[in-house]
Amino acid sequence: LRLLASGDIQAAKYDREKWRAQLSPILEQWAQLTSSGNNQGVAILQRATVRAQAGGGGGGGAKQGGGGHAVPLVDPVDDFVQMEFALAGEICAAVDATLSALKKVLFGSGLLTPQIQAAAMALLAGQVPGEWQTLWEVGGPEKPQAWLRELVRKRVVLGTRWMKKGGGGNSSSLLSAPLNLSDLFHPATFLNALRQQTARQLNTAIDLVKLVCSWEKDSGRLRDCPMPCTLTGLLLQGALFHGVLRESAPEAAELTPVPDVTVGFVPLRTRDTYEAASAVTVPIYLTPSREDLLSELQMPLGQANEQDRWILSGVALFLREEDA
């Protein structure tokens, strides 16, 4: 596909042989990514069935049904995990349908419809087809090859980690191990689900809880948090972090990993885990492009009242690197 940069693409002209030569790598990549031997037993192209909202319980209480019977409430976190896994299946199925139809066109057994042509022209230009982007709206890689790899990675990890622990009505099991939010299509929705479920446990309104964090392994700082969650895999730009923020060395990498951080929601009246003078609020973005803000976390300072220094240096956290 990189060879296409040296020439103009004629959108209205269909040359089967040229298209086949230029698009075959994408088709072969998809076939390899979805082969059953590469995905730890996860069926990439099998659509998941999302449990009905009133179905199975997750220990989240009960509500009265139409016939006066108690209907278990679904844990928001558990419900989110199931919906995210189902979405991964829907996107994979849509991609497979497009590429299968395109393959038939390229080998002479299918008709070139406007929809197939639009997808082909996007791929020929090194772009993700618009139809796919509408299914995965935020945070997806820009290059088709990277986009497909990340799509399948998410489908696999959602099936092997998130669903096994949090998709069967036991969100406490899911939260017992470190979680990487880059596994998700909608990390912000996960945090909202965690917030909603915490508020339910605290028997309070969702807007009466706030996000706090602790960078120490001992989670005693979060003793007032009923549902602590450890995040792993975050990357830091603009500083080094080993318990406190420190200046980066000139030869240091642009992005450096940080230790796991425990986050959770507590009542608004609860004191922050770090005093205002000894910490700075750092934004979390999906990628270093800084286009999509996820949330903010406090990070301890080496010296008190240094907030302006780190804000001016552009310190930020990210879920993942930019795609190569």
# chains A, B, ... in the order shown; residues from 1 in each chain; ligands from 1
>>> residues_around(residues="Trp136 (chain A)", least_positions_apart="5", cutoff="12 Å", atoms="only C-alpha atoms", output="MDAnalysis selection string")
chainID A and resid 84 87:92 94:95 128:131 141:142 147:148 150:151 154 184:186
>>> select_by_dssp(residues="region 91-279 of chain A", states="strand (DSSP E or B)", output="ChimeraX atom specification")
/A:179,209-214,229-231,235-237,240-241,245-246,255-257,261-267,279
>>> write_last_selection(atoms="N, CA and C atoms", output="CSV table (one decimal), in the first residue's frame")
chain,number,residue,atom,x,y,z
A,179,LEU,N,-6.2,-4.1,35.1
A,179,LEU,CA,-6.9,-4.0,33.8
A,179,LEU,C,-6.2,-3.0,32.9
A,209,VAL,N,-20.4,11.2,43.5
A,209,VAL,CA,-19.1,10.5,43.7
A,209,VAL,C,-18.1,11.1,42.8
A,210,LYS,N,-16.8,10.9,43.2
A,210,LYS,CA,-15.7,11.4,42.4
A,210,LYS,C,-14.6,10.4,42.3
A,211,LEU,N,-13.8,10.6,41.2
A,211,LEU,CA,-12.7,9.6,41.0
A,211,LEU,C,-11.4,10.0,41.8
A,212,VAL,N,-10.8,9.0,42.4
A,212,VAL,CA,-9.6,9.2,43.2
A,212,VAL,C,-8.6,8.1,42.8
A,213,CYS,N,-7.4,8.3,43.2
A,213,CYS,CA,-6.4,7.3,42.8
A,213,CYS,C,-5.3,7.2,43.9
A,214,SER,N,-4.6,6.1,43.8
A,214,SER,CA,-3.4,5.8,44.7
A,214,SER,C,-2.3,5.1,43.9
A,229,CYS,N,-10.1,-0.3,41.5
A,229,CYS,CA,-9.7,-1.0,40.3
A,229,CYS,C,-8.3,-0.6,39.9
A,230,THR,N,-7.5,-1.5,39.7
A,230,THR,CA,-6.1,-1.3,39.3
A,230,THR,C,-5.9,-1.2,37.8
A,231,LEU,N,-5.3,-0.1,37.3
A,231,LEU,CA,-5.1,0.1,35.9
A,231,LEU,C,-3.6,-0.1,35.6
A,235,LEU,N,1.1,5.1,30.0
A,235,LEU,CA,2.4,5.7,29.5
A,235,LEU,C,2.4,7.2,29.9
A,236,LEU,N,3.6,7.7,30.2
A,236,LEU,CA,3.7,9.0,30.6
A,236,LEU,C,4.6,9.8,29.7
A,237,GLN,N,4.2,11.0,29.4
A,237,GLN,CA,5.0,11.9,28.5
A,237,GLN,C,5.3,13.2,29.3
A,240,LEU,N,9.4,11.7,34.2
A,240,LEU,CA,9.6,10.3,34.7
A,240,LEU,C,8.8,10.2,36.0
A,241,PHE,N,8.4,9.0,36.3
A,241,PHE,CA,7.6,8.8,37.6
A,241,PHE,C,8.0,7.6,38.3
A,245,LEU,N,6.9,12.7,40.5
A,245,LEU,CA,7.3,13.2,39.2
A,245,LEU,C,8.7,13.7,39.2
A,246,ARG,N,9.5,13.4,38.2
A,246,ARG,CA,10.9,13.9,38.1
A,246,ARG,C,11.2,14.2,36.7
A,255,LEU,N,8.0,8.4,25.6
A,255,LEU,CA,6.9,7.9,26.5
A,255,LEU,C,7.5,6.8,27.4
A,256,THR,N,7.2,6.9,28.6
A,256,THR,CA,7.8,5.9,29.6
A,256,THR,C,6.6,5.2,30.4
A,257,PRO,N,6.7,3.9,30.6
A,257,PRO,CA,5.6,3.3,31.4
A,257,PRO,C,5.7,3.8,32.9
A,261,VAL,N,-1.7,1.8,38.8
A,261,VAL,CA,-2.4,2.8,39.7
A,261,VAL,C,-3.7,2.3,40.0
A,262,THR,N,-4.1,2.4,41.3
A,262,THR,CA,-5.4,2.0,41.7
A,262,THR,C,-6.4,3.2,41.7
A,263,VAL,N,-7.5,3.0,41.1
A,263,VAL,CA,-8.5,4.1,41.0
A,263,VAL,C,-9.8,3.6,41.5
A,264,GLY,N,-10.7,4.6,41.8
A,264,GLY,CA,-12.0,4.2,42.2
A,264,GLY,C,-12.8,5.5,42.5
A,265,PHE,N,-14.1,5.3,42.8
A,265,PHE,CA,-15.0,6.4,43.1
A,265,PHE,C,-15.4,6.4,44.6
A,266,VAL,N,-15.4,7.6,45.2
A,266,VAL,CA,-15.7,7.8,46.6
A,266,VAL,C,-16.7,8.9,46.7
A,267,PRO,N,-17.4,9.1,47.8
A,267,PRO,CA,-18.3,10.2,48.0
A,267,PRO,C,-17.6,11.5,47.9
A,279,ALA,N,0.5,17.4,44.9
A,279,ALA,CA,0.2,16.6,43.7
A,279,ALA,C,-0.3,17.5,42.7
>>> residues_around(residues="Gly243 (chain A)", least_positions_apart="2", cutoff="9 Å", atoms="only C-alpha atoms", output="ChimeraX atom specification")
/A:215-216,241,245,259,299-302
>>> residues_around(residues="region 104-113 of chain A", least_positions_apart="4", cutoff="7 Å", atoms="only C-alpha atoms", output="number ranges by chain")
A: 16, 20, 100, 117
>>> residues_around(residues="Ile44 (chain A)", least_positions_apart="6", cutoff="9 Å", atoms="only C-alpha atoms", output="number ranges by chain")
A: 33-36, 88-89, 92-93, 152, 155-156
>>> closest_residue(among="A:Leu317, A:Ala276, A:Arg221, A:Phe85", to="Val157 (chain A)", atoms="only C-alpha atoms")
A:Phe85
>>> select_by_dssp(residues="region 129-294 of chain A", states="helix (DSSP H, G or I)", output="ChimeraX atom specification")
/A:130-133,144-166,171-174,181-183,187-202,206-208,219-222,276-278
>>> closest_atom_pairs(of="region 178-206 of chain A", to="region 286-295 of chain A", cutoff="12 Å", atoms="only C-alpha atoms", output="Markdown table")
| residue | atom | partner | partner_atom | distance |
| --- | --- | --- | --- | --- |
| A:Asn180 | CA | A:Leu286 | CA | 11.8 |
| A:Leu181 | CA | A:Leu286 | CA | 9.1 |
| A:Ser182 | CA | A:Leu286 | CA | 7.7 |
| A:Asp183 | CA | A:Leu286 | CA | 11.2 |
| A:Leu184 | CA | A:Leu286 | CA | 10.6 |
| A:Phe185 | CA | A:Leu286 | CA | 10.4 |
| A:His186 | CA | A:Leu294 | CA | 9.7 |
| A:Pro187 | CA | A:Leu294 | CA | 7.5 |
| A:Ala188 | CA | A:Leu294 | CA | 5.9 |
| A:Thr189 | CA | A:Leu294 | CA | 9.6 |
| A:Phe190 | CA | A:Leu294 | CA | 10.6 |
| A:Leu191 | CA | A:Ser295 | CA | 9.0 |
| A:Asn192 | CA | A:Ser295 | CA | 10.7 |
>>> write_last_selection(atoms="N, CA, C and O atoms", output="PDB file, in the first residue's frame")
ATOM      1  N   ASN A 180      -6.131  -3.271  31.660  1.00  0.00           N
ATOM      2  CA  ASN A 180      -5.541  -2.355  30.686  1.00  0.00           C
ATOM      3  C   ASN A 180      -6.671  -1.756  29.855  1.00  0.00           C
ATOM      4  O   ASN A 180      -7.317  -2.463  29.082  1.00  0.00           O
ATOM      5  N   LEU A 181      -6.904  -0.464  30.016  1.00  0.00           N
ATOM      6  CA  LEU A 181      -8.036   0.171  29.333  1.00  0.00           C
ATOM      7  C   LEU A 181      -7.841   0.266  27.827  1.00  0.00           C
ATOM      8  O   LEU A 181      -8.801   0.527  27.099  1.00  0.00           O
ATOM      9  N   SER A 182      -6.615   0.054  27.343  1.00  0.00           N
ATOM     10  CA  SER A 182      -6.416   0.058  25.893  1.00  0.00           C
ATOM     11  C   SER A 182      -7.033  -1.171  25.238  1.00  0.00           C
ATOM     12  O   SER A 182      -7.115  -1.251  24.010  1.00  0.00           O
ATOM     13  N   ASP A 183      -7.480  -2.136  26.049  1.00  0.00           N
ATOM     14  CA  ASP A 183      -8.175  -3.310  25.508  1.00  0.00           C
ATOM     15  C   ASP A 183      -9.579  -2.966  25.020  1.00  0.00           C
ATOM     16  O   ASP A 183     -10.191  -3.764  24.308  1.00  0.00           O
ATOM     17  N   LEU A 184     -10.090  -1.812  25.409  1.00  0.00           N
ATOM     18  CA  LEU A 184     -11.492  -1.483  25.200  1.00  0.00           C
ATOM     19  C   LEU A 184     -11.709  -0.540  24.021  1.00  0.00           C
ATOM     20  O   LEU A 184     -10.845   0.272  23.692  1.00  0.00           O
ATOM     21  N   PHE A 185     -12.893  -0.611  23.432  1.00  0.00           N
ATOM     22  CA  PHE A 185     -13.309   0.371  22.434  1.00  0.00           C
ATOM     23  C   PHE A 185     -13.787   1.645  23.114  1.00  0.00           C
ATOM     24  O   PHE A 185     -13.643   2.732  22.565  1.00  0.00           O
ATOM     25  N   HIS A 186     -14.383   1.500  24.288  1.00  0.00           N
ATOM     26  CA  HIS A 186     -14.973   2.632  24.999  1.00  0.00           C
ATOM     27  C   HIS A 186     -14.496   2.676  26.448  1.00  0.00           C
ATOM     28  O   HIS A 186     -15.260   2.369  27.370  1.00  0.00           O
ATOM     29  N   PRO A 187     -13.236   3.031  26.682  1.00  0.00           N
ATOM     30  CA  PRO A 187     -12.736   3.087  28.064  1.00  0.00           C
ATOM     31  C   PRO A 187     -13.485   4.082  28.937  1.00  0.00           C
ATOM     32  O   PRO A 187     -13.656   3.851  30.136  1.00  0.00           O
ATOM     33  N   ALA A 188     -13.961   5.183  28.350  1.00  0.00           N
ATOM     34  CA  ALA A 188     -14.715   6.161  29.140  1.00  0.00           C
ATOM     35  C   ALA A 188     -16.022   5.561  29.642  1.00  0.00           C
ATOM     36  O   ALA A 188     -16.467   5.844  30.761  1.00  0.00           O
ATOM     37  N   THR A 189     -16.648   4.712  28.826  1.00  0.00           N
ATOM     38  CA  THR A 189     -17.888   4.074  29.239  1.00  0.00           C
ATOM     39  C   THR A 189     -17.637   3.088  30.373  1.00  0.00           C
ATOM     40  O   THR A 189     -18.474   2.935  31.270  1.00  0.00           O
ATOM     41  N   PHE A 190     -16.482   2.439  30.354  1.00  0.00           N
ATOM     42  CA  PHE A 190     -16.137   1.551  31.466  1.00  0.00           C
ATOM     43  C   PHE A 190     -16.041   2.330  32.773  1.00  0.00           C
ATOM     44  O   PHE A 190     -16.579   1.904  33.802  1.00  0.00           O
ATOM     45  N   LEU A 191     -15.364   3.483  32.743  1.00  0.00           N
ATOM     46  CA  LEU A 191     -15.257   4.295  33.951  1.00  0.00           C
ATOM     47  C   LEU A 191     -16.632   4.772  34.415  1.00  0.00           C
ATOM     48  O   LEU A 191     -16.907   4.819  35.621  1.00  0.00           O
ATOM     49  N   ASN A 192     -17.497   5.096  33.477  1.00  0.00           N
ATOM     50  CA  ASN A 192     -18.860   5.504  33.848  1.00  0.00           C
ATOM     51  C   ASN A 192     -19.634   4.344  34.472  1.00  0.00           C
ATOM     52  O   ASN A 192     -20.422   4.542  35.412  1.00  0.00           O
TER      53      ASN A 192
END
>>> closest_residue(among="A:Tyr274, A:Tyr14, A:Trp162, A:Trp310", to="Ser176 (chain A)", atoms="only C-alpha atoms")
A:Trp162
>>> closest_residue(among="A:Ala239, A:Leu124, A:Thr204, A:Val81", to="Arg161 (chain A)", atoms="only C-alpha atoms")
A:Val81
>>> closest_residue(among="A:Val315, A:Ala304, A:Leu158, A:Asp323", to="Glu247 (chain A)", atoms="only C-alpha atoms")
A:Val315
>>> closest_residue(among="A:Gln145, A:Ser248, A:Ser278, A:Ser171", to="Met227 (chain A)", atoms="only C-alpha atoms")
A:Ser171
>>> closest_residue(among="A:Val138, A:Ile26, A:Leu102, A:Met163", to="Gln82 (chain A)", atoms="only C-alpha atoms")
A:Met163
>>> atom_distance(atom1="CA of Gly159 (chain A)", atom2="CA of Asp78 (chain A)")
13.2 Å
